[in-house]
Structure formats: structure tokens, C-alpha cells
Amino acid sequence: MREVGSSANPQQLTAINASEGPVLIIAGPGSGKTFTLVERIVHLITEKRAAPESLIVVTFTDKAARELTTRVSNRLAELDIRFNLNEMYLGTFHSICLRILEEFREFTRLKRSFTLFDQFDQQYFLYQKIKHFRELPDAQLVIGDDQTGRWAQSEELMMWLNKVSEEALDPHVLEKAPDPEVRALARCFLKYQELLNENNCLDFSGIQYEALLLLRRHPDVLAQLRDKITYLMVDEYQDTNTIQEKILLLLAGSRNN
């Protein structure tokens with residue numbers, strides 16, 4: 001039975017043991033990035049006595065999350081350590097945000113058994129409701145002329161609505177913009193939120209948006225999560241993703257681990 005990090009090189013060992021405060025690890029292909037991440041998680045469990053629910057590990061894809069879960073499970077079994085990985089927040093940003101929304105659903109706009117849209121569901125929903133958007137002032141600046149057809153309009157509208165969600169833009173700020181196109185987009189976004197609310201629906205790009213609203217609007221929920229979560233790790237960090245960075249920094253709080 002090997003010890004944690006016993007087969008790591010000096011650089012990997014530094015990364016594994018650096019647990020307090022913010023850490024940036026720059027690693028190229030084949031440099032043992034996943035090995036280092038696995039050993040770092042195991043180090044936090046064995047040396048820092050981290051509870052499963054106190055760890056957030058974000059991966060870029062579902063496949064990477066599954067691989068990481070398997071490798072961490074195998075390492076803990078090797079060390080004969082009992083640890084409930086199901087309680088750990090391990091997955092993509094979307095899956096972790098969805099779990100947080102489900103855990104604190106009573107603080108959100110969502111009701112029990114809400115519908116989660118994939119991309120096709122979302123576009124079809126917009127297609128069915130397109131008349132609500134066509135009636136809005138200057139809507140054609142966002143969705144195009146009616147002659148293009150409802151399906152093409154719904155596709156264009158979906159693209160712009162998702163941009164607002166993914167960039168965590170405030171529609172009330174957009175409403176005051178000097179450009180008529182931006183003001184029209186704000187009206188479309190607010191109408192869309194109204195329709196989602198009426199139908200108890202959530203779209204894929206809205207998962208992170210709703211999670212961010214939850215953390216911003218309910219300091220008690222944020223405080224509860226900050227008390228619970230002691231370490232956050234992001235595999236393949238996307239520093240160009242505005243909303244993910246905002247969620248991450250909110251959860252990290254003053255600990256900054």
C-alpha cells in the first residue's frame with residue numbers, strides 16, 4: 001500500500017500539499033494532471049480530515065467527472081479509507097449548480113418536479129411561445145423579421161437569451177442601454193423568464209444563472225454553503241467564463257481555498 005503522493009515528482013508533490021489559500025497549477029498534456037488532482041483530493045481527506053460534503057471538485061466534462069470519481073474511489077479503497085463520494089460535490093459546473101438548486105429549491109423560483117430543457121426542448125418552447133416575443137417593441141431587432149419563420153426566429157432568440165444567462169448580465173441594466181437592440185433583448189429576456197416561471201421550467205444555460213441568483217439574493221444560503229465547503233478545485237479552469245468565475249469566488253468566500 002503506497003502513501004499519498006509517494007510516487008509524485010517534486011512539482012506534483014508541491015501541488016498535492018499546497019492546500020491552504022489560492023493555488024494555480026499549470027500543467028501540459030502528459031504531465032500527470034489527473035494523478036495530481038486525485039492525490040490532492042486524497043491528501044485533503046487523509047491529512048486535512050475533509051468531510052465529503054466540504055469538497056467541491058469541478059471538471060470540464062461529465063466523462064472527466066466519471067474518470068475522477070473512479071480513480072479517487074480506487075485510491076481510497078487502496079488506502080482502506082471509508083468515504084462517501086456521493087456526498088462530495090464532484091461534477092461539471094452545471095451538475096454542481098443543479099444540485100445546489102435542488103438542495104435549496106424553496107429559495108428559488110422553481111417548484112417541485114420542474115422541467116429541465118435540453119437545447120431542442122428550449123428552442124421548441126420558444127417556437128411555441130414566439131407570438132409573445134413578436135408583440136414586444138423592436139423585437140425584430142433580436143429575432144429577425146416574421147418572414148424568416150417561427151423556427152428561425154426561435155433559434156436566433158435562443159442564442160441571444162443564452163448569451164445573457166451565460167454572461168450573467170442584468171436585464172434591468174440592459175433595459176437602460178442607449179442601443180434599441182440591447183433594450184429589445186432585455187425585454188425579450190424578461191418575457192422569457194416570465195414564461196419559464198409560469199411553466200416551471202429551467203433551461204441548460206439557465207442552471208448557472210439561477211444558481212448565481214440564489215447565492216446573490218439569499219445571503220443565508222450562501223453562508224450555509226460557505227460554512228460547509230472548505231476546499232474548491234477546478235480541473236481545466238475556464239478563465240473566460242464570467243458566470244462560473246462569479247459562482248466560484250462567491251462560494252470560496254474569505255477562506256479562498
# chains A, B, ... in the order shown; residues from 1 in each chain; ligands from 1
$ residues_around --residues "Leu141 in chain A" --least-positions-apart "6" --cutoff "9 Å" --atoms "only C-alpha atoms" --output "ChimeraX atom specification"
/A:180-182,184-185
$ write_last_selection --atoms "C-alpha atoms" --output "PDB file, in the first residue's frame"
ATOM      1  CA  PRO A 180     -32.501  49.877 -29.134  1.00  0.00           C
ATOM      2  CA  GLU A 181     -31.265  46.323 -29.919  1.00  0.00           C
ATOM      3  CA  VAL A 182     -29.980  45.876 -26.358  1.00  0.00           C
ATOM      4  CA  ALA A 184     -35.206  44.903 -27.035  1.00  0.00           C
ATOM      5  CA  LEU A 185     -33.051  41.980 -25.852  1.00  0.00           C
TER       6      LEU A 185
END
$ residues_around --residues "Ala186 in chain A" --least-positions-apart "4" --cutoff "7 Å" --atoms "only C-alpha atoms" --output "PyMOL selection string"
chain A and resi 171+174-175+182+190
$ write_last_selection --atoms "all heavy atoms" --output "compact mmCIF listing (two decimals), in the first residue's frame"
# COMPACT_ATOMS: atom_id res chain seq x y z
N PRO A 171 -30.72 42.11 -16.80
CA PRO A 171 -31.65 42.64 -17.81
C PRO A 171 -32.15 44.05 -17.50
O PRO A 171 -32.46 44.82 -18.40
CB PRO A 171 -32.80 41.63 -17.81
CG PRO A 171 -32.69 40.92 -16.51
CD PRO A 171 -31.25 40.91 -16.15
N LEU A 174 -29.61 46.29 -18.87
CA LEU A 174 -29.73 46.27 -20.34
C LEU A 174 -30.90 47.13 -20.81
O LEU A 174 -30.83 47.74 -21.88
CB LEU A 174 -29.90 44.84 -20.85
CG LEU A 174 -28.78 43.84 -20.56
CD1 LEU A 174 -29.10 42.48 -21.17
CD2 LEU A 174 -27.43 44.34 -21.07
N GLU A 175 -31.97 47.18 -20.01
CA GLU A 175 -33.16 47.97 -20.36
C GLU A 175 -32.84 49.45 -20.52
O GLU A 175 -33.55 50.16 -21.22
CB GLU A 175 -34.22 47.83 -19.26
CG GLU A 175 -35.14 46.65 -19.41
CD GLU A 175 -36.22 46.66 -18.34
OE1 GLU A 175 -35.88 46.76 -17.14
OE2 GLU A 175 -37.40 46.55 -18.71
N VAL A 182 -30.26 46.39 -27.70
CA VAL A 182 -29.98 45.88 -26.36
C VAL A 182 -31.23 46.00 -25.48
O VAL A 182 -31.56 45.09 -24.71
CB VAL A 182 -28.77 46.62 -25.73
CG1 VAL A 182 -28.51 46.12 -24.30
CG2 VAL A 182 -27.52 46.43 -26.59
N LEU A 190 -36.66 39.27 -20.15
CA LEU A 190 -37.61 39.35 -19.04
C LEU A 190 -38.90 38.59 -19.35
O LEU A 190 -39.46 37.91 -18.48
CB LEU A 190 -37.91 40.82 -18.70
CG LEU A 190 -36.74 41.59 -18.06
CD1 LEU A 190 -37.01 43.09 -18.06
CD2 LEU A 190 -36.48 41.10 -16.64
$ select_by_dssp --residues "range 41-93 of chain A" --states "strand (DSSP E)" --output "list in words"
Leu55, Ile56, Val57, Val58, Thr59, Tyr89, Leu90, Gly91 and Thr92 of chain A
$ closest_residue --among "A:Gln224, A:Trp151, A:Val234, A:Val164" --to "Gly253 in chain A" --atoms "only C-alpha atoms"
A:Gln224
$ residues_around --residues "Phe104 in chain A" --least-positions-apart "4" --cutoff "12 Å" --atoms "only C-alpha atoms" --output "compact mmCIF listing (two decimals) with N, CA and C atoms, in the first residue's frame"
# COMPACT_ATOMS: atom_id res chain seq x y z
N CYS A 97 -24.17 23.07 -9.89
CA CYS A 97 -25.15 24.15 -9.72
C CYS A 97 -26.57 23.59 -9.62
N LEU A 98 -26.84 22.56 -10.43
CA LEU A 98 -28.17 21.93 -10.40
C LEU A 98 -28.41 21.27 -9.03
N ARG A 99 -27.39 20.64 -8.50
CA ARG A 99 -27.52 20.02 -7.17
C ARG A 99 -27.80 21.08 -6.10
N ILE A 100 -27.11 22.22 -6.19
CA ILE A 100 -27.33 23.31 -5.23
C ILE A 100 -28.76 23.85 -5.35
N THR A 108 -35.66 29.34 -4.50
CA THR A 108 -35.62 29.70 -5.91
C THR A 108 -37.04 29.88 -6.46
N ARG A 109 -37.15 30.23 -7.73
CA ARG A 109 -38.46 30.35 -8.39
C ARG A 109 -39.02 28.99 -8.78
N LEU A 110 -38.21 27.94 -8.64
CA LEU A 110 -38.59 26.61 -9.11
C LEU A 110 -39.51 25.89 -8.12
N LYS A 111 -40.49 25.20 -8.67
CA LYS A 111 -41.39 24.40 -7.85
C LYS A 111 -41.00 22.93 -7.99
N ARG A 112 -41.63 22.09 -7.19
CA ARG A 112 -41.34 20.66 -7.21
C ARG A 112 -41.53 20.09 -8.63
N GLU A 210 -29.45 30.71 -12.53
CA GLU A 210 -30.34 30.59 -11.37
C GLU A 210 -29.52 30.35 -10.09
N ALA A 211 -28.44 29.58 -10.21
CA ALA A 211 -27.57 29.32 -9.04
C ALA A 211 -26.93 30.63 -8.56
N LEU A 214 -29.50 32.70 -6.80
CA LEU A 214 -29.75 32.12 -5.47
C LEU A 214 -28.69 32.59 -4.47
N LEU A 215 -27.41 32.51 -4.87
CA LEU A 215 -26.31 32.88 -3.97
C LEU A 215 -26.30 34.38 -3.69
N HIS A 218 -29.81 35.37 -1.55
CA HIS A 218 -30.05 34.74 -0.25
C HIS A 218 -28.73 34.55 0.51
N ASP A 220 -28.15 33.96 3.47
CA ASP A 220 -28.20 32.85 4.43
C ASP A 220 -27.83 31.52 3.76
N VAL A 221 -28.29 31.35 2.51
CA VAL A 221 -27.94 30.15 1.75
C VAL A 221 -26.44 30.15 1.44
N LEU A 222 -25.94 31.29 1.00
CA LEU A 222 -24.50 31.42 0.70
C LEU A 222 -23.67 31.14 1.94
N GLN A 224 -24.48 29.33 4.52
CA GLN A 224 -24.58 27.89 4.82
C GLN A 224 -23.62 27.07 3.97
N LEU A 225 -23.55 27.41 2.67
CA LEU A 225 -22.65 26.69 1.76
C LEU A 225 -21.19 26.99 2.08
